[in-house]
Amino acid sequence: MFLISALLTSGGPRRPWHSPLAPRFRRFLSLSSQHSTIDYSLSHPIYMIWGSNTGLGKTLVSAGLAASSILSPSSSSSSSSFTPTNFTYLKPVQTGFPADSDSAFVYRKFAHVFASLKPALTVSASNYVFRTSIPAAEAVLGNAIGVEGEECVNSLNGFTNLGWYEERMLHDHAHGQVVAASELICKTMYGWREPVSPHLAAKREGAELEDSELLQVLKMCLGSATELKCEGKMMTKFTVVETAGGVASPGPSGSLQCDLYRPFRLPAILVGDGRLGGISGTISAYESLKIRGYDVVAIVLEDHGLVNEVPLSSYLHNRVPVLVLPPVPQDMSDDLVEWFDQSRDIFNSLKEKMIESFLQRKNRVQEMPKKAKEVFWWPFTQHKLVPEESVTVIDSRCGEHFAVHKIGEGNLVTQQFDACASWWTQGPDQSLQIELAREVGYATARFGHVMFPENVYEPALECAELLLEGVGKGWASRVFYSDNGSTAIEIALKMAFRKFLVDHGILLDMSRSSIDENHIELKVLALKGSYHGDTLGAMEAQAPSSYTGILQQPWYQGRGHFVDPPTVSLQAGVWKLSLPKVMQYKDVSEDDKVFSLQDEIFNKKRDISNVATHYLSYISEEIFRNSDSKVCSHIAALIIEPVIQGAGGMLMIDPLFQRLLVKECKSRKVPVIFDEVFTGLWRLGVESAATLLECQPDIACYAKLLTGGIVPLAATLATDAVFNSFIGDSKLKALLHGHSYSAHAIGCTAAAKSIKWFKNRQKNSNLSSDATTLREFWDGNIVKKISKLQTVDRVVALGTLCAVELRAEGFNSGYGSLYTTSLIQKLRQDGIYMRPLGNVIYLLCGPCTSPLICQNILEKVFTRLDEIGESH
């Protein structure tokens with residue numbers, strides 16, 4: 001005899017203040033407003049159920065998986081052996097509630113299947129509904145909703161903390177001793193009454209929901225009970241999250257669901273369409289998921305007699321299994337028990353494929369650190385100092401965050417903010433990342449790669465026009481494409497040297513045989529601490545450093561004159577000017593070297609200051625002393641990183657000094673190169689750092705953030721005068737430089753999209769009203785507090801950059817320092833991914849990053865730095 005024991009009245013409502021669930025859920029809500037990190041456990045399979053359209057049977061698939069997981073014998077044991085299982089079904093968004101409730105459907109259909117099979121099991125089945133709109137709550141509770149409404153109703157967003165639940169204990173007394181006890185837990189997170197699209201229901205019922213809150217509650221539902229035991233035996237755990245409608249159906253806020261849930265990037269099961277027209281819809285849904293980086297493990301569809309699975313399998317090249325369910329009967333008088341019985345083998349097969357895929361993923365990420373240590377040669381890394389356990393396994397990225405797998409911390413996939421912007425390249429938020437993926441896919445499909453010389457195609461032309469209208473506006477007329485920042489610099493040097501030779505008549509003298517080209521020595525004027533790339537020619541244009549010594553570049557000669565520049569930084573809460581030894585002028589007072597506001601440092605009124613007079617004298621003397629026309633030695637180009645020297649330690653150079661340096665070089669017809677590979681394209685809060693210096697170069701280089709960090713691309717911009725110095729009757733007078741992937745369509749498409757996005761106030765809320773500057777990212781009060789810590793020597797905060805140099809001496813300072821190792825590891829535990837420059841740590845955000853995110857990160861950095869001070 002089969003009995004169902006109801007622990008509570010089945011289907012009976014429970015108020016949140018009576019329900020044992022309510023305090024736990026209220027805690028969920030309070031936590032969701034405090035924490036924004038998205039993470040989940042990789043200790044058990046978690047899948048998201050998607051539909052290529054609405055009404056295709058997602059909930060039937062969920063119910064079938066629940067029955068297969070709990071009621072089918074374990075494939076790893078004997079055919080009669082059942083493993084205790086916890087199956088959790090989550091429905092984040094439910095419209096049409098309570099008339100429609102997918103969690104209630106799974107809960108009840110499972111009971112019906114259980115009654116039909118009569119397994120020798122005990123199953124605790126439960127169904128919870130957390131929050132609903134007030135109209136949906138009234139449909140459940142009637143007038144009772146207002147009895148104790150203050151605790152039940154959240155008047156800020158029109159939701160009620162319903163706390164409604166039902167629970168049953170299922171077992172078959174005919175079998176006597178049960179062999180296992182399992183759990184079915186069904187949860188509806190948010191419900192609205194109208195059976196329409198969630199965004200429409202939310203608006204009509206006055207219960208609107210932000211994406212962040214929905215994701216936080218989903219996170220907590222996923223994170224509960226990651227390890228479960230039954231009578232001392234570990235339970236198998238399986239979780240599915242069922243979406244609403246189709247892949248691209250809007251969520252409550254209006255965001256497409258495929259975008260809304262992307263921070264989790266849970267592996268997907270796609271319920272396809274077996275009807276007429278279903279092939280196209282299923283493929284479109286599949287492509288929408290793939291272009292957003294989801295892994296689709298299987299496609300399931302109902303058999304409508306059209307054999308849609310054959311062309312789908314052909315299109316997918318059998319990479320993804322396509323499973324076919326029997327037709328769903330129109331007559332449901334038997335509660336679909338017979339249909340579930342007919343579908344049992346399909347659901348068992350689907351479950352096994354899901355488990356197999358999960359185990360493959362889990363095993364792969366666990367072995368990746370060891371494999372990486374065996375096969376990679378990482379750049380700028382001493383492998384001896386990298387233990388296997390410190391290797392970061394990146395599962396994916398979503399906007400500004402990595403999804404990182406942590407083996408030793410609950411086997412979690414968790415978020416880390418990419419605080420070094422992946423070597424200064426990254427700028428997109430989640431929305432732009434998706435747009436770039438779509439645009440790059442289009443460019444790949446349309447162009448692939450096409451060669452550039454003497455050709456024109458839309459992406460290359462549009463990108464060039466945008467650069468000349470943006471960072472090159474008012475001075476540049478030509479764009480030369482290459483593939484990375486270092487090669488862009490080498491191209492710039494070639495351009496500058498030719499321009500210098502033409503302007504100073506040296507080429508003309510050579511044509512008259514009055515001078516031997518082998519005796520001409522062209523040098524660059526550059527600043528100590530600068531860094532212009534890793535290729536051999538670019539390294540010659542920078543001062544001796546850790547990067548240029550015999551251990552790294554035995555050919556290095558240093559073909560330049562390198563001057564020690566004055567720097568500015570925030571020290572103990574005050575902006576200070578630091579002069580090098582050669583500029584310790586007696587008549588420069590301390591007042592000349594202290595600024596109450598950062599803006600004072602950039603003020604052009606300083607051009608007539610006492611400091612400016614000394615700068616001009618020093619610059620003129622240095623250039624004159626190092627240019628000797630008698631021996632054909634010339635300063636033939638000035639190359640600087642405007643305002644901020646990146647790899648040299650995030651040094652902020654006095655803009656007055658750089659501005660006067662540019663002015664003096666131009667007066668002597670020495671071409672000026674701005675290396676904006678790091679500083680350009682909004683990195684310092686303006687589109688070009690030339691705006692901060694209030695002067696223009698002859699040549700400038702851009703890369704990194706140019707494409708939003710999606711693919712490599714670089715551009716060297718030049719004036720008409722520079723371009724004309726290469727014009728002549730002979731091809732040998734042309735600029736004989738190029739790369740196979742010059743102006744590749746994919747990179748130019750990404751660059752054009754990024755340039756336009758960053759400058760669009762509708763897309764980038766950080767833009768000023770005149771779209772010329774970005775708002776402040778780093779909270780000034782916290783930055784000052786950091787600068788006052790005893791462990792901190794200096795701070796620089798400008799645009800998307802905030803850098804902190806820790807006070808250190810001897811081997812603890814400089815690029816080779818390991819002084820920050822423990823600090824970096826702690827910050828990674830805090831969800832901040834960083835790589836230091838010796839004893840300098842830095843934070844980088846993107847042009848679209850929310851200042852609230854930056855504030856949260858800065859507070860964590862301050863806390864960790866303060867801990868170091870206390871420990872000392």
# chains A, B, ... in the order shown; residues from 1 in each chain; ligands from 1

$ select_by_dssp --residues "region 374-448 of chain A" --states "alpha helix (DSSP H)" --output "VMD selection string"
chain A and resid 374 to 375 421 to 424 430 to 446

$ write_last_selection --atoms "N, CA, C and O atoms" --output "compact mmCIF listing (two decimals), in the first residue's frame"
# COMPACT_ATOMS: atom_id res chain seq x y z
N GLU A 374 53.90 22.73 -16.27
CA GLU A 374 54.69 21.82 -17.09
C GLU A 374 54.92 22.33 -18.51
O GLU A 374 55.94 22.02 -19.12
N VAL A 375 53.98 23.13 -19.05
CA VAL A 375 54.07 23.47 -20.47
C VAL A 375 54.22 24.96 -20.76
O VAL A 375 54.67 25.32 -21.85
N ALA A 421 43.58 45.22 -15.18
CA ALA A 421 42.97 45.37 -16.51
C ALA A 421 43.67 44.49 -17.54
O ALA A 421 43.86 44.88 -18.68
N SER A 422 44.05 43.27 -17.07
CA SER A 422 44.74 42.31 -17.95
C SER A 422 45.85 42.97 -18.76
O SER A 422 45.82 43.06 -19.98
N TRP A 423 46.83 43.43 -17.99
CA TRP A 423 47.97 44.15 -18.56
C TRP A 423 47.52 45.38 -19.33
O TRP A 423 47.98 45.65 -20.42
N TRP A 424 46.57 46.11 -18.70
CA TRP A 424 46.21 47.46 -19.11
C TRP A 424 45.41 47.50 -20.41
O TRP A 424 45.26 48.56 -21.01
N GLN A 430 30.27 44.49 -18.83
CA GLN A 430 29.63 43.29 -19.37
C GLN A 430 28.88 43.58 -20.67
O GLN A 430 28.93 42.78 -21.62
N SER A 431 28.22 44.72 -20.74
CA SER A 431 27.44 45.04 -21.94
C SER A 431 28.33 45.21 -23.16
O SER A 431 28.03 44.68 -24.24
N LEU A 432 29.43 45.95 -23.01
CA LEU A 432 30.33 46.16 -24.15
C LEU A 432 31.01 44.85 -24.54
O LEU A 432 31.24 44.60 -25.74
N GLN A 433 31.32 43.99 -23.58
CA GLN A 433 31.94 42.71 -23.92
C GLN A 433 31.04 41.91 -24.86
O GLN A 433 31.51 41.33 -25.84
N ILE A 434 29.75 41.89 -24.58
CA ILE A 434 28.80 41.17 -25.43
C ILE A 434 28.71 41.82 -26.80
O ILE A 434 28.69 41.14 -27.83
N GLU A 435 28.68 43.16 -26.82
CA GLU A 435 28.63 43.88 -28.10
C GLU A 435 29.88 43.58 -28.93
O GLU A 435 29.79 43.36 -30.15
N LEU A 436 31.04 43.57 -28.29
CA LEU A 436 32.28 43.29 -29.01
C LEU A 436 32.29 41.87 -29.55
O LEU A 436 32.77 41.62 -30.67
N ALA A 437 31.79 40.93 -28.75
CA ALA A 437 31.73 39.54 -29.22
C ALA A 437 30.88 39.45 -30.48
O ALA A 437 31.24 38.74 -31.45
N ARG A 438 29.76 40.15 -30.50
CA ARG A 438 28.88 40.13 -31.66
C ARG A 438 29.55 40.79 -32.87
O ARG A 438 29.50 40.27 -33.99
N GLU A 439 30.17 41.96 -32.63
CA GLU A 439 30.81 42.68 -33.72
C GLU A 439 32.00 41.92 -34.30
O GLU A 439 32.21 41.88 -35.52
N VAL A 440 32.80 41.32 -33.41
CA VAL A 440 33.95 40.55 -33.86
C VAL A 440 33.49 39.32 -34.64
O VAL A 440 34.10 38.94 -35.66
N GLY A 441 32.42 38.69 -34.17
CA GLY A 441 31.86 37.55 -34.91
C GLY A 441 31.41 37.95 -36.30
O GLY A 441 31.64 37.24 -37.28
N TYR A 442 30.78 39.12 -36.40
CA TYR A 442 30.34 39.63 -37.70
C TYR A 442 31.53 39.89 -38.61
O TYR A 442 31.53 39.50 -39.79
N ALA A 443 32.56 40.53 -38.06
CA ALA A 443 33.74 40.83 -38.88
C ALA A 443 34.44 39.56 -39.34
O ALA A 443 34.93 39.47 -40.47
N THR A 444 34.48 38.56 -38.46
CA THR A 444 35.09 37.28 -38.83
C THR A 444 34.33 36.63 -39.97
O THR A 444 34.91 36.12 -40.93
N ALA A 445 33.00 36.67 -39.84
CA ALA A 445 32.18 36.04 -40.88
C ALA A 445 32.24 36.81 -42.19
O ALA A 445 32.21 36.22 -43.28
N ARG A 446 32.31 38.14 -42.11
CA ARG A 446 32.29 38.95 -43.33
C ARG A 446 33.66 39.01 -44.00
O ARG A 446 33.76 38.88 -45.23

$ residues_around --residues "region 265-270 of chain A" --least-positions-apart "6" --cutoff "6 Å" --atoms "only C-alpha atoms" --output "list in words"
Tyr47, Met48, Ile49, Trp50, Gly51, Tyr294, Asp295, Val296, Val297, Ala298 and Ile299 of chain A

$ select_by_dssp --residues "region 423-562 of chain A" --states "strand (DSSP E or B)" --output "number ranges by chain"
A: 478-482, 521-527, 560-562

$ residues_around --residues "Ile755 (chain A)" --least-positions-apart "6" --cutoff "12 Å" --atoms "only C-alpha atoms" --output "number ranges by chain"
A: 427-428, 432, 436, 462-471, 680-682, 687, 702-703, 705-709, 748-749, 763-764, 847

$ write_last_selection --atoms "N, CA, C and O atoms" --output "compact mmCIF listing (two decimals), in the first residue's frame"
# COMPACT_ATOMS: atom_id res chain seq x y z
N GLY A 427 38.83 47.30 -20.94
CA GLY A 427 37.99 48.44 -20.61
C GLY A 427 36.52 48.13 -20.61
O GLY A 427 35.74 48.85 -20.00
N PRO A 428 36.07 47.07 -21.27
CA PRO A 428 34.62 46.84 -21.39
C PRO A 428 33.96 46.42 -20.09
O PRO A 428 34.54 45.68 -19.29
N LEU A 432 29.43 45.95 -23.01
CA LEU A 432 30.33 46.16 -24.15
C LEU A 432 31.01 44.85 -24.54
O LEU A 432 31.24 44.60 -25.74
N LEU A 436 31.04 43.57 -28.29
CA LEU A 436 32.28 43.29 -29.01
C LEU A 436 32.29 41.87 -29.55
O LEU A 436 32.77 41.62 -30.67
N GLU A 462 36.78 53.10 -40.96
CA GLU A 462 36.02 53.69 -39.85
C GLU A 462 36.91 53.89 -38.62
O GLU A 462 36.86 54.94 -37.97
N CYS A 463 37.74 52.91 -38.31
CA CYS A 463 38.63 53.02 -37.16
C CYS A 463 39.59 54.19 -37.34
O CYS A 463 39.82 54.98 -36.41
N ALA A 464 40.18 54.32 -38.53
CA ALA A 464 41.12 55.42 -38.80
C ALA A 464 40.43 56.77 -38.66
O ALA A 464 40.97 57.72 -38.08
N GLU A 465 39.22 56.88 -39.20
CA GLU A 465 38.49 58.16 -39.11
C GLU A 465 38.18 58.51 -37.66
O GLU A 465 38.29 59.67 -37.25
N LEU A 466 37.80 57.52 -36.88
CA LEU A 466 37.49 57.77 -35.47
C LEU A 466 38.73 58.20 -34.69
O LEU A 466 38.66 59.07 -33.82
N LEU A 467 39.87 57.58 -34.98
CA LEU A 467 41.11 57.97 -34.31
C LEU A 467 41.50 59.41 -34.66
O LEU A 467 41.91 60.18 -33.79
N LEU A 468 41.38 59.77 -35.93
CA LEU A 468 41.76 61.12 -36.34
C LEU A 468 40.78 62.16 -35.82
O LEU A 468 41.16 63.30 -35.57
N GLU A 469 39.52 61.77 -35.64
CA GLU A 469 38.53 62.70 -35.07
C GLU A 469 38.61 62.75 -33.55
O GLU A 469 38.06 63.67 -32.93
N GLY A 470 39.30 61.77 -32.96
CA GLY A 470 39.39 61.69 -31.50
C GLY A 470 40.76 62.07 -30.99
O GLY A 470 41.08 63.25 -30.85
N VAL A 471 41.59 61.07 -30.72
CA VAL A 471 42.92 61.34 -30.15
C VAL A 471 43.81 62.14 -31.09
O VAL A 471 44.74 62.82 -30.64
N GLY A 680 46.74 56.39 -23.27
CA GLY A 680 45.72 56.90 -24.16
C GLY A 680 44.37 56.24 -24.02
O GLY A 680 44.19 55.24 -23.33
N LEU A 681 43.38 56.83 -24.71
CA LEU A 681 42.03 56.27 -24.83
C LEU A 681 41.35 56.12 -23.48
O LEU A 681 40.91 55.05 -23.10
N TRP A 682 41.35 57.21 -22.73
CA TRP A 682 40.60 57.37 -21.48
C TRP A 682 41.27 56.75 -20.26
O TRP A 682 40.72 56.81 -19.17
N GLU A 687 40.53 61.37 -23.25
CA GLU A 687 40.75 60.49 -24.40
C GLU A 687 42.23 60.40 -24.75
O GLU A 687 42.74 59.34 -25.08
N TYR A 702 49.09 54.15 -30.15
CA TYR A 702 47.96 53.66 -29.37
C TYR A 702 47.83 52.14 -29.54
O TYR A 702 48.06 51.60 -30.62
N ALA A 703 47.45 51.48 -28.47
CA ALA A 703 47.21 50.03 -28.50
C ALA A 703 46.40 49.67 -27.25
O ALA A 703 45.60 50.48 -26.79
N LEU A 705 44.05 49.42 -24.83
CA LEU A 705 42.63 49.71 -24.68
C LEU A 705 41.94 50.01 -26.01
O LEU A 705 40.72 50.12 -26.08
N LEU A 706 42.73 50.11 -27.08
CA LEU A 706 42.21 50.48 -28.40
C LEU A 706 41.05 49.59 -28.82
O LEU A 706 40.03 50.06 -29.32
N THR A 707 41.18 48.28 -28.64
CA THR A 707 40.12 47.36 -29.07
C THR A 707 39.24 46.92 -27.90
O THR A 707 38.47 45.96 -28.02
N GLY A 708 39.35 47.60 -26.79
CA GLY A 708 38.66 47.14 -25.59
C GLY A 708 39.34 45.94 -24.98
O GLY A 708 38.78 45.30 -24.09
N GLY A 709 40.55 45.64 -25.43
CA GLY A 709 41.29 44.52 -24.88
C GLY A 709 40.87 43.17 -25.44
O GLY A 709 41.23 42.13 -24.91
N CYS A 748 40.05 46.08 -36.16
CA CYS A 748 39.53 47.41 -36.48
C CYS A 748 38.06 47.53 -36.12
O CYS A 748 37.59 48.59 -35.68
N THR A 749 37.30 46.45 -36.30
CA THR A 749 35.89 46.44 -35.92
C THR A 749 35.74 46.61 -34.42
O THR A 749 34.91 47.41 -33.94
N LYS A 763 25.92 55.05 -23.20
CA LYS A 763 26.58 53.78 -22.89
C LYS A 763 27.53 53.91 -21.71
O LYS A 763 27.68 52.98 -20.92
N ASN A 764 28.20 55.04 -21.62
CA ASN A 764 29.20 55.27 -20.59
C ASN A 764 28.74 56.39 -19.67
O ASN A 764 28.92 57.57 -19.96
N PRO A 847 36.92 52.50 -18.40
CA PRO A 847 36.23 53.78 -18.54
C PRO A 847 34.75 53.72 -18.15
O PRO A 847 34.16 54.75 -17.82

$ residues_around --residues "Glu242 (chain A)" --least-positions-apart "4" --cutoff "8 Å" --atoms "only C-alpha atoms" --output "PyMOL selection string"
chain A and resi 48-50+58-59+62+89-92

$ write_last_selection --atoms "C-alpha atoms" --output "PDB file, in the first residue's frame"
ATOM      1  CA  MET A  48      20.766  26.127 -16.322  1.00  0.00           C
ATOM      2  CA  ILE A  49      17.753  25.047 -18.363  1.00  0.00           C
ATOM      3  CA  TRP A  50      17.101  27.333 -21.339  1.00  0.00           C
ATOM      4  CA  LYS A  58      11.595  23.320 -19.958  1.00  0.00           C
ATOM      5  CA  THR A  59       9.713  22.373 -16.781  1.00  0.00           C
ATOM      6  CA  SER A  62      13.418  19.716 -15.118  1.00  0.00           C
ATOM      7  CA  TYR A  89      15.165  22.950  -8.592  1.00  0.00           C
ATOM      8  CA  LEU A  90      15.390  26.750  -8.737  1.00  0.00           C
ATOM      9  CA  LYS A  91      13.025  29.054 -10.589  1.00  0.00           C
ATOM     10  CA  PRO A  92      14.414  32.590 -10.230  1.00  0.00           C
TER      11      PRO A  92
END

$ residues_around --residues "Ser284 (chain A)" --least-positions-apart "6" --cutoff "10 Å" --atoms "only C-alpha atoms" --output "list in words"
Ser52, Val247, Ala248, Gly278 and Lys290 of chain A

$ closest_residue --among "A:Ala104, A:Ala721, A:Val322, A:Leu218" --to "Leu184 (chain A)" --atoms "only C-alpha atoms"
A:Ala104

$ residues_around --residues "Gly869 (chain A)" --least-positions-apart "4" --cutoff "10 Å" --atoms "only C-alpha atoms" --output "MDAnalysis selection string"
chainID A and resid 789:792 864:865

$ write_last_selection --atoms "N, CA, C and O atoms" --output "PDB file, in the first residue's frame"
ATOM      1  N   LEU A 789      49.250  56.275   5.484  1.00  0.00           N
ATOM      2  CA  LEU A 789      49.668  55.070   6.192  1.00  0.00           C
ATOM      3  C   LEU A 789      51.186  55.020   6.284  1.00  0.00           C
ATOM      4  O   LEU A 789      51.899  55.417   5.351  1.00  0.00           O
ATOM      5  N   GLN A 790      51.691  54.504   7.393  1.00  0.00           N
ATOM      6  CA  GLN A 790      53.143  54.463   7.596  1.00  0.00           C
ATOM      7  C   GLN A 790      53.832  53.501   6.641  1.00  0.00           C
ATOM      8  O   GLN A 790      55.048  53.593   6.435  1.00  0.00           O
ATOM      9  N   THR A 791      53.067  52.581   6.064  1.00  0.00           N
ATOM     10  CA  THR A 791      53.651  51.613   5.131  1.00  0.00           C
ATOM     11  C   THR A 791      53.718  52.151   3.703  1.00  0.00           C
ATOM     12  O   THR A 791      54.268  51.492   2.828  1.00  0.00           O
ATOM     13  N   VAL A 792      53.152  53.336   3.458  1.00  0.00           N
ATOM     14  CA  VAL A 792      53.014  53.861   2.093  1.00  0.00           C
ATOM     15  C   VAL A 792      53.964  55.030   1.878  1.00  0.00           C
ATOM     16  O   VAL A 792      54.047  55.946   2.703  1.00  0.00           O
ATOM     17  N   ARG A 864      43.819  46.175   4.029  1.00  0.00           N
ATOM     18  CA  ARG A 864      44.987  45.284   3.991  1.00  0.00           C
ATOM     19  C   ARG A 864      46.284  46.053   4.258  1.00  0.00           C
ATOM     20  O   ARG A 864      47.180  45.553   4.957  1.00  0.00           O
ATOM     21  N   LEU A 865      46.417  47.247   3.699  1.00  0.00           N
ATOM     22  CA  LEU A 865      47.622  48.048   3.949  1.00  0.00           C
ATOM     23  C   LEU A 865      47.697  48.466   5.413  1.00  0.00           C
ATOM     24  O   LEU A 865      48.781  48.499   6.018  1.00  0.00           O
TER      25      LEU A 865
END

$ closest_residue --among "A:Thr716, A:Asn363, A:Ser589, A:Gln330" --to "Gly485 (chain A)" --atoms "only C-alpha atoms"
A:Thr716
